[in-house]
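Working notes for the structure below.
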Amino acid sequence: MDRILYTAMSGAKQTMDQQAVVSHNLANVSTSGFRAQLHAMRAVPVQGEAALPTRVSVAATTPGSDFSQGPITHTGRELDVALEANSWLAVQADDGTEAYTRRGDLQVDGDGMVTVVGRPVIGEGGPIIVPLGSSVTIGADGTLSAIGEGEGPEALVDVGRLKLVTPEQTLLRGDDGLFRMPPNAEGETVALEADDEARLASGALEGSNVSAVEAMVAMIDVARRYEMQMKVIKTADENAQRANNLLSIQG
């Protein structure tokens, strides 16, 4: 059988994988601080004694994420923060390790813990806890100040400081959507040191850096390429059947 069939099959499979990436990005076009996932493919020569030099298969390669900054929207909400430059917010992942996110829509749960999408926000001494019922403000350096209900301005006290980091290496996206440092030589993921120079803007949110228009165009393009691969597979199968029929007649 002509190896073009396998070539088209590998192309169709990788096209489906790329469609999944595009769909994931499009689904997060409204997610605060989301970083678009990138997907690329590379040609790999078909190996084997019967391989033709013109036959290549396709292998996926995921170069990482698009770290360009998303649009900033002023919300006026005191617990909304937009990180400046290349700063990231440290949070506690489900497995207890430290991870990083650009999402800044902070919440205070029923125990007074500051969270992002249910994950505790890490401060200088661990997860940050604020007094229940207090009004919380966040300074440009990440310092949280709280004032109790009915108390005067003199009752304003610092309750913690957000851990902001500025990585020098490219972060890796995890399956949970959070980012982490690449493993070191020993295979361990080391937490970053807090950057005292990192700054944020309160009362604002950074949006997703996914362009809805570009994502829709990419989805249409990927769908058309998948259809083309399916046509190649059908053509290769028809050619194989004609060749078999011809051999049967000659035999």
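For the structure tokens, the naming scheme is as follows: chains receive sequential letters (A, B, ...) according to their order of presentation, residues are indexed from 1 within each chain, and ligands are indexed from 1 in presentation order.
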
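Near Arg77 (chain A), within 10 Å and counting only C-alpha atoms, sit Val81, Asp105, Leu106, Thr137, Ser202, Gly203, Ala204 and Leu205 of chain A; same-chain residues fewer than 4 positions away were not included.
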
Keeping N, CA and C atoms for every residue in the selection just given, could you write it to a file as a PDB file, in the first residue's frame?
ATOM      1  N   VAL A  81      -6.536  42.689  40.656  1.00  0.00           N
ATOM      2  CA  VAL A  81      -5.176  43.197  40.435  1.00  0.00           C
ATOM      3  C   VAL A  81      -4.711  42.800  39.043  1.00  0.00           C
ATOM      4  N   ASP A 105      -8.229  38.064  39.684  1.00  0.00           N
ATOM      5  CA  ASP A 105      -9.533  38.294  40.330  1.00  0.00           C
ATOM      6  C   ASP A 105      -9.551  37.558  41.673  1.00  0.00           C
ATOM      7  N   LEU A 106      -8.982  38.200  42.680  1.00  0.00           N
ATOM      8  CA  LEU A 106      -8.863  37.596  44.007  1.00  0.00           C
ATOM      9  C   LEU A 106     -10.216  37.533  44.706  1.00  0.00           C
ATOM     10  N   THR A 137      -7.782  46.380  50.951  1.00  0.00           N
ATOM     11  CA  THR A 137      -7.213  47.119  49.830  1.00  0.00           C
ATOM     12  C   THR A 137      -5.824  46.563  49.553  1.00  0.00           C
ATOM     13  N   SER A 202      -4.067  47.838  41.245  1.00  0.00           N
ATOM     14  CA  SER A 202      -5.307  47.366  41.873  1.00  0.00           C
ATOM     15  C   SER A 202      -6.511  47.995  41.172  1.00  0.00           C
ATOM     16  N   GLY A 203      -7.644  47.312  41.291  1.00  0.00           N
ATOM     17  CA  GLY A 203      -8.855  47.801  40.639  1.00  0.00           C
ATOM     18  C   GLY A 203      -8.847  47.586  39.139  1.00  0.00           C
ATOM     19  N   ALA A 204      -8.019  46.648  38.672  1.00  0.00           N
ATOM     20  CA  ALA A 204      -7.930  46.374  37.236  1.00  0.00           C
ATOM     21  C   ALA A 204      -7.655  44.891  37.017  1.00  0.00           C
ATOM     22  N   LEU A 205      -7.961  44.409  35.841  1.00  0.00           N
ATOM     23  CA  LEU A 205      -7.714  43.015  35.479  1.00  0.00           C
ATOM     24  C   LEU A 205      -7.071  42.945  34.107  1.00  0.00           C
TER      25      LEU A 205
END

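When the distance limit is 9 Å and only C-alpha atoms are what count, the residues near Asn209 (chain A), minus those fewer than 6 positions from it on the same chain, are Val29, Gly33, Phe34, Arg35, Ala36, Asp66, Phe67, Ser68, Gln69, Gly70 and Pro71 of chain A.
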
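Distance annotation: of A:Ala82, A:Ala185, A:Ala215, A:Val210, the residue with the minimal separation from Ala20 (chain A) is A:Ala215; atom set is only C-alpha atoms.
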
Using only C-alpha atoms: which of A:Gln18, A:Thr143, A:Thr7, A:Pro182 has the shortest distance to Leu79 (chain A): A:Thr143

Please identify the alpha helix (DSSP H) residues within region 40-231 of chain A (assignment by DSSP from backbone atoms) and present them as a PyMOL selection string. chain A and resi 212-231

Store the residues picked out above, limited to N, CA and C atoms, as a PDB file, in the first residue's frame.
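part_33.pdb was written with the following content:
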ATOM      1  N   ALA A 212     -10.037  36.494  19.678  1.00  0.00           N
ATOM      2  CA  ALA A 212     -11.173  35.669  19.252  1.00  0.00           C
ATOM      3  C   ALA A 212     -11.231  35.550  17.731  1.00  0.00           C
ATOM      4  N   VAL A 213     -10.933  36.633  17.025  1.00  0.00           N
ATOM      5  CA  VAL A 213     -10.982  36.614  15.561  1.00  0.00           C
ATOM      6  C   VAL A 213      -9.914  35.677  15.009  1.00  0.00           C
ATOM      7  N   GLU A 214      -8.680  35.809  15.520  1.00  0.00           N
ATOM      8  CA  GLU A 214      -7.602  34.952  15.039  1.00  0.00           C
ATOM      9  C   GLU A 214      -7.865  33.481  15.370  1.00  0.00           C
ATOM     10  N   ALA A 215      -8.438  33.229  16.539  1.00  0.00           N
ATOM     11  CA  ALA A 215      -8.739  31.853  16.919  1.00  0.00           C
ATOM     12  C   ALA A 215      -9.810  31.253  16.015  1.00  0.00           C
ATOM     13  N   MET A 216     -10.821  32.040  15.653  1.00  0.00           N
ATOM     14  CA  MET A 216     -11.865  31.546  14.764  1.00  0.00           C
ATOM     15  C   MET A 216     -11.299  31.259  13.366  1.00  0.00           C
ATOM     16  N   VAL A 217     -10.433  32.151  12.880  1.00  0.00           N
ATOM     17  CA  VAL A 217      -9.807  31.934  11.570  1.00  0.00           C
ATOM     18  C   VAL A 217      -8.952  30.670  11.601  1.00  0.00           C
ATOM     19  N   ALA A 218      -8.199  30.494  12.700  1.00  0.00           N
ATOM     20  CA  ALA A 218      -7.366  29.295  12.840  1.00  0.00           C
ATOM     21  C   ALA A 218      -8.217  28.034  12.882  1.00  0.00           C
ATOM     22  N   MET A 219      -9.370  28.097  13.530  1.00  0.00           N
ATOM     23  CA  MET A 219     -10.249  26.932  13.618  1.00  0.00           C
ATOM     24  C   MET A 219     -10.779  26.545  12.235  1.00  0.00           C
ATOM     25  N   ILE A 220     -11.147  27.535  11.437  1.00  0.00           N
ATOM     26  CA  ILE A 220     -11.627  27.261  10.080  1.00  0.00           C
ATOM     27  C   ILE A 220     -10.506  26.676   9.231  1.00  0.00           C
ATOM     28  N   ASP A 221      -9.303  27.245   9.363  1.00  0.00           N
ATOM     29  CA  ASP A 221      -8.161  26.758   8.595  1.00  0.00           C
ATOM     30  C   ASP A 221      -7.823  25.312   8.947  1.00  0.00           C
ATOM     31  N   VAL A 222      -7.851  25.001  10.238  1.00  0.00           N
ATOM     32  CA  VAL A 222      -7.546  23.636  10.672  1.00  0.00           C
ATOM     33  C   VAL A 222      -8.610  22.663  10.169  1.00  0.00           C
ATOM     34  N   ALA A 223      -9.861  23.082  10.203  1.00  0.00           N
ATOM     35  CA  ALA A 223     -10.943  22.213   9.719  1.00  0.00           C
ATOM     36  C   ALA A 223     -10.783  21.911   8.233  1.00  0.00           C
ATOM     37  N   ARG A 224     -10.392  22.895   7.450  1.00  0.00           N
ATOM     38  CA  ARG A 224     -10.195  22.679   6.017  1.00  0.00           C
ATOM     39  C   ARG A 224      -9.010  21.761   5.758  1.00  0.00           C
ATOM     40  N   ARG A 225      -7.936  21.909   6.545  1.00  0.00           N
ATOM     41  CA  ARG A 225      -6.796  21.025   6.372  1.00  0.00           C
ATOM     42  C   ARG A 225      -7.145  19.581   6.741  1.00  0.00           C
ATOM     43  N   TYR A 226      -8.005  19.423   7.731  1.00  0.00           N
ATOM     44  CA  TYR A 226      -8.445  18.071   8.094  1.00  0.00           C
ATOM     45  C   TYR A 226      -9.247  17.447   6.953  1.00  0.00           C
ATOM     46  N   GLU A 227     -10.123  18.236   6.347  1.00  0.00           N
ATOM     47  CA  GLU A 227     -10.895  17.738   5.215  1.00  0.00           C
ATOM     48  C   GLU A 227      -9.971  17.334   4.062  1.00  0.00           C
ATOM     49  N   MET A 228      -8.915  18.112   3.847  1.00  0.00           N
ATOM     50  CA  MET A 228      -7.969  17.798   2.776  1.00  0.00           C
ATOM     51  C   MET A 228      -7.259  16.469   3.051  1.00  0.00           C
ATOM     52  N   GLN A 229      -6.886  16.246   4.312  1.00  0.00           N
ATOM     53  CA  GLN A 229      -6.238  14.985   4.669  1.00  0.00           C
ATOM     54  C   GLN A 229      -7.198  13.808   4.460  1.00  0.00           C
ATOM     55  N   MET A 230      -8.451  14.001   4.786  1.00  0.00           N
ATOM     56  CA  MET A 230      -9.437  12.944   4.585  1.00  0.00           C
ATOM     57  C   MET A 230      -9.601  12.620   3.089  1.00  0.00           C
ATOM     58  N   LYS A 231      -9.543  13.641   2.240  1.00  0.00           N
ATOM     59  CA  LYS A 231      -9.642  13.406   0.805  1.00  0.00           C
ATOM     60  C   LYS A 231      -8.431  12.631   0.297  1.00  0.00           C
TER      61      LYS A 231
END

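Scanning region 147-250 of chain A with DSSP on the backbone, the strand (DSSP E) assignments fall on Ile147, Val157, Asp158, Val159, Gly160, Arg161, Leu164, Val165, Leu172, Arg173, Phe179, Arg180, Leu200, Ala201, Ser202, Ala204, Leu205 and Glu206 of chain A.
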
Show me, as a count of residues only, the residues that have an atom within 6 Å of region 86-99 of chain A when counting only C-alpha atoms, minus same-chain residues fewer than 4 positions from it. 10

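With CA of Gly148 (chain A) on one side and CA of Val130 (chain A) on the other, the separation reads 10.1 Å.
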
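Going from CA of Ala27 (chain A) to CA of Gly177 (chain A) covers 13.2 Å.
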
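Our summary of the geometry notes that CA of Gly110 (chain A) is positioned 22.8 Å from CA of Ser32 (chain A).
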
Give me the residues within 10 Å of Val157 (chain A) as a ChimeraX atom specification, counting only C-alpha atoms and dropping any in the same chain fewer than 4 places off. /A:136,144-148,153
